[in-house]
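Below is entry37.txt, which holds compact mmCIF, C-alpha atoms.
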# COMPACT_ATOMS: atom_id res chain seq x y z
CA MET A 1 0.00 0.00 0.00
CA THR A 2 1.04 3.58 -0.52
CA GLY A 3 0.12 6.77 1.32
CA PRO A 4 -3.33 8.35 1.32
CA ILE A 5 -4.66 9.88 -1.87
CA ALA A 6 -5.59 13.55 -1.96
CA ILE A 7 -8.89 13.97 -3.76
CA ASP A 8 -11.68 16.50 -3.36
CA ILE A 9 -15.28 15.30 -3.05
CA VAL A 10 -18.71 16.88 -3.49
CA LEU A 11 -21.76 16.06 -1.38
CA ARG A 12 -24.76 16.94 -3.50
CA GLU A 13 -28.08 17.83 -1.93
CA ASN A 14 -30.79 15.35 -3.02
CA SER A 15 -28.20 12.76 -4.01
CA ASP A 16 -26.66 9.84 -2.14
CA PHE A 17 -22.87 9.87 -1.77
CA GLU A 18 -21.31 6.57 -2.79
CA TRP A 19 -17.65 5.61 -2.87
CA ASP A 20 -16.27 2.07 -3.09
CA PHE A 21 -12.59 1.23 -2.64
CA THR A 22 -10.29 -1.71 -2.04
CA LEU A 23 -6.94 -2.23 -0.34
CA ARG A 24 -4.19 -3.99 -2.26
CA ASN A 25 -0.76 -5.35 -1.46
CA LEU A 26 2.06 -3.85 -3.49
CA PRO A 27 3.77 -4.71 -5.75
CA SER A 28 1.63 -7.82 -6.37
CA CYS A 29 -1.60 -5.76 -6.43
CA THR A 30 -3.48 -8.59 -4.67
CA LEU A 31 -6.58 -7.68 -2.65
CA ILE A 32 -6.20 -7.49 1.11
CA ASP A 33 -8.69 -9.57 3.10
CA ILE A 34 -10.76 -7.00 5.01
CA ASP A 35 -13.00 -9.37 6.99
CA ALA A 36 -12.21 -7.87 10.40
CA TYR A 37 -11.55 -4.27 9.29
CA GLY A 38 -13.21 -1.09 10.49
CA ALA A 39 -13.51 2.23 8.62
CA LYS A 40 -14.49 5.83 9.25
CA LEU A 41 -15.11 8.92 7.14
CA THR A 42 -15.00 12.21 9.02
CA ILE A 43 -15.96 15.62 7.63
CA ALA A 44 -15.03 18.77 9.54
CA SER A 45 -15.10 22.52 9.02
CA ASP A 46 -11.30 22.55 8.75
CA TYR A 47 -8.34 20.59 10.04
CA GLU A 48 -8.83 20.48 13.81
CA GLY A 49 -12.16 22.26 13.23
CA GLU A 50 -15.74 21.44 14.14
CA GLU A 51 -17.01 18.01 13.08
CA ILE A 52 -19.82 18.21 10.53
CA LEU A 53 -20.45 14.53 9.80
CA SER A 54 -18.88 11.25 10.78
CA VAL A 55 -19.84 7.81 9.46
CA ASP A 56 -18.32 4.41 10.13
CA THR A 57 -18.86 0.69 9.80
CA ASP A 58 -21.73 0.88 12.29
CA ASP A 59 -23.84 3.03 9.99
CA TYR A 60 -23.02 4.01 6.38
CA ILE A 61 -19.84 2.08 5.59
CA ILE A 62 -20.27 -1.55 4.60
CA ILE A 63 -17.38 -4.01 4.64
CA ASN A 64 -18.18 -6.39 1.79
CA THR A 65 -16.22 -9.47 2.86
CA THR A 66 -17.16 -11.40 -0.29
CA THR A 67 -15.51 -8.91 -2.65
CA ASP A 68 -13.15 -7.23 -0.11
CA VAL A 69 -14.63 -3.82 -0.95
CA PHE A 70 -15.30 -0.93 1.43
CA GLN A 71 -18.64 0.62 0.41
CA ILE A 72 -19.44 4.12 1.64
CA ASP A 73 -23.10 4.95 1.03
CA ILE A 74 -24.44 8.08 2.74
CA PRO A 75 -28.15 8.64 2.01
CA HIS A 76 -29.26 11.99 0.63
CA THR A 77 -31.40 12.53 3.74
CA VAL A 78 -28.30 12.39 5.97
CA ILE A 79 -26.49 14.84 3.69
CA ALA A 80 -29.49 17.22 3.59
CA ALA A 81 -29.70 17.15 7.39
CA LYS A 82 -26.24 18.79 7.50
CA LYS A 83 -27.08 21.65 5.10
CA GLU A 84 -27.36 24.37 7.75
CA LEU A 85 -24.16 23.28 9.44
CA PHE A 86 -22.38 23.35 6.07
CA ARG A 87 -23.88 26.82 5.44
CA THR A 88 -22.17 28.01 8.62
CA PHE A 89 -18.81 27.11 7.05
CA GLY A 90 -19.49 28.47 3.54
CA PHE A 91 -20.60 25.04 2.23
CA GLU A 92 -17.02 23.75 2.45
CA GLY A 93 -14.91 21.61 4.73
CA VAL A 94 -12.29 18.86 4.78
CA TYR A 95 -12.51 15.09 5.16
CA ASP A 96 -10.45 12.01 5.71
CA ILE A 97 -11.03 8.28 5.50
CA LEU A 98 -9.30 5.91 7.90
CA VAL A 99 -9.38 2.10 8.05
CA TRP A 100 -7.91 -0.28 10.60
CA PRO A 101 -7.38 -4.04 10.64
CA THR A 102 -9.49 -4.86 13.72
CA LYS A 103 -12.95 -3.27 13.84
CA ALA A 104 -13.05 -3.30 17.65
CA SER A 105 -9.67 -1.52 17.93
CA PRO A 106 -9.64 1.63 15.75
CA THR A 107 -6.52 3.01 17.44
CA VAL A 108 -4.43 -0.05 16.56
CA ASP A 109 -2.66 0.32 13.21
CA PRO A 110 -5.00 2.88 11.55
CA ILE A 111 -4.33 3.54 7.87
CA ALA A 112 -5.14 6.87 6.19
CA ILE A 113 -6.80 6.13 2.84
CA ALA A 114 -7.89 9.51 1.46
CA HIS A 115 -8.22 13.16 2.43
CA GLY A 116 -9.11 16.48 0.85
CA ARG A 117 -11.62 19.25 0.52
CA VAL A 118 -15.36 18.60 0.61
CA THR A 119 -18.01 20.85 -0.89
CA TYR A 120 -21.73 20.75 -0.16
CA GLN A 121 -23.49 21.49 -3.44
CA ARG A 122 -27.02 22.79 -3.04
CA GLY A 123 -29.65 21.22 -5.29
CA VAL A 124 -32.48 22.52 -7.43
CA GLY A 125 -34.61 19.43 -7.92
CA THR A 126 -35.70 16.76 -5.47
CA PRO A 127 -35.66 12.97 -5.84
CA SER A 128 -39.46 12.76 -5.47
Serialized structure, structure tokens:
Amino acid sequence: MTGPIAIDIVLRENSDFEWDFTLRNLPSCTLIDIDAYGAKLTIASDYEGEEILSVDTDDYIIINTTTDVFQIDIPHTVIAAKKELFRTFGFEGVYDILVWPTKASPTVDPIAIAHGRVTYQRGVGTPS
């Protein structure tokens, strides 16, 4: 594995946020067995700032042990519920994604997967 990737993301009002990723051994590029892993995505106003949203393997992150894929799926209703908090920070923030090899022990061997800016994009239409 290499270091975390820096990539910006957009949370769109009225749209679910979905992101799937895998972990691979280098240089062989073989999938890592993630059966016992835990994961967390945290969004904050800024580095060391106020937390806006945090999701983990107990709510909106699924560990697919059949395919060894981490599946982040945040419903649009959860995103919309944070609109006013995002407004407070100019509809922008930062995020990071961490995983660790033992779900019950997040402080043991955590691995930073991704980080970057996050933008809350207000919507015009609704999914109804």
Using only C-alpha atoms, what does the table of stretch 14-44 of chain A residues within 9 Å of stretch 99-104 of chain A look like, with each row giving the shortest atom pair and its distance in Å to one decimal, sorted by chain and ascending number, as a tab-separated table?
residue	atom	partner	partner_atom	distance
A:Ile34	CA	A:Pro101	CA	7.2
A:Asp35	CA	A:Pro101	CA	8.6
A:Ala36	CA	A:Thr102	CA	5.2
A:Tyr37	CA	A:Pro101	CA	4.4
A:Gly38	CA	A:Lys103	CA	4.0
A:Ala39	CA	A:Val99	CA	4.2
A:Lys40	CA	A:Val99	CA	6.4
A:Leu41	CA	A:Val99	CA	9.0
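The coordinates place atom CA of A:Asn14 at 28.7 Å from atom CA of A:Thr67.
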task: Choose the residue, out of A:Ile79, A:Val69, A:Val55, A:Leu11, that has the smallest atom-to-atom separation from A:Arg24; count all atoms listed in the file.
output: A:Val69
query: Which is closer to A:Leu23 than all the others in A:Ala112, A:Pro127, A:Gly90, A:Asp68, using only C-alpha atoms?
result: A:Asp68
task: For A:Glu13, list every protein, DNA or RNA residue within 6 Å, evaluated using all atoms listed in the file, and leave out those in the same chain fewer than 4 positions away; present the list as a list in words.
output: Ala80, Arg122 and Gly123 of chain A
Next, write the just-selected residues to a file, as a short mmCIF file (atom, residue, chain, number, x, y, z; two decimals), in the coordinates of the input, keeping C-alpha atoms as the atom set.
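Result file follows (result32.cif):
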data_model
loop_
_atom_site.label_atom_id
_atom_site.label_comp_id
_atom_site.auth_asym_id
_atom_site.auth_seq_id
_atom_site.Cartn_x
_atom_site.Cartn_y
_atom_site.Cartn_z
CA ALA A 80 -29.49 17.22 3.59
CA ARG A 122 -27.02 22.79 -3.04
CA GLY A 123 -29.65 21.22 -5.29
#
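Take atom CA of A:Phe21 and atom CA of A:His76: the distance between them is 20.1 Å.
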message: Can you tell me which residues surround A:Asp73 at a distance of at most 8 Å, considering all atoms listed in the file, apart from same-chain residues fewer than 6 positions away, and format the answer as number ranges by chain?
response: A: 16-19, 60-62
Those same residues - C-alpha atoms - I'd like them written as a PDB file, keeping the file's coordinate frame.
ATOM      1  CA  ASP A  16     -26.660   9.840  -2.140  1.00  0.00           C
ATOM      2  CA  PHE A  17     -22.870   9.870  -1.770  1.00  0.00           C
ATOM      3  CA  GLU A  18     -21.310   6.570  -2.790  1.00  0.00           C
ATOM      4  CA  TRP A  19     -17.650   5.610  -2.870  1.00  0.00           C
ATOM      5  CA  TYR A  60     -23.020   4.010   6.380  1.00  0.00           C
ATOM      6  CA  ILE A  61     -19.840   2.080   5.590  1.00  0.00           C
ATOM      7  CA  ILE A  62     -20.270  -1.550   4.600  1.00  0.00           C
TER       8      ILE A  62
END
field: Ref. answer, residues at most 12 Å from (-16.0, 12.7, 8.7) with all atoms listed in the file, as a count of residues only
entry: 35
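Going from atom CA of A:Asp20 to atom CA of A:Phe70 covers 5.5 Å.
Using all atoms listed in the file, the smallest distance between any of A:Gln121, A:Thr22, A:Thr126, A:Ser15 and A:Gln71 comes from A:Thr22.
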Selected residue of minimal separation from A:Ile32 among A:Thr66, A:Asp59, A:Thr88, A:Lys83, counting all atoms listed in the file: A:Thr66
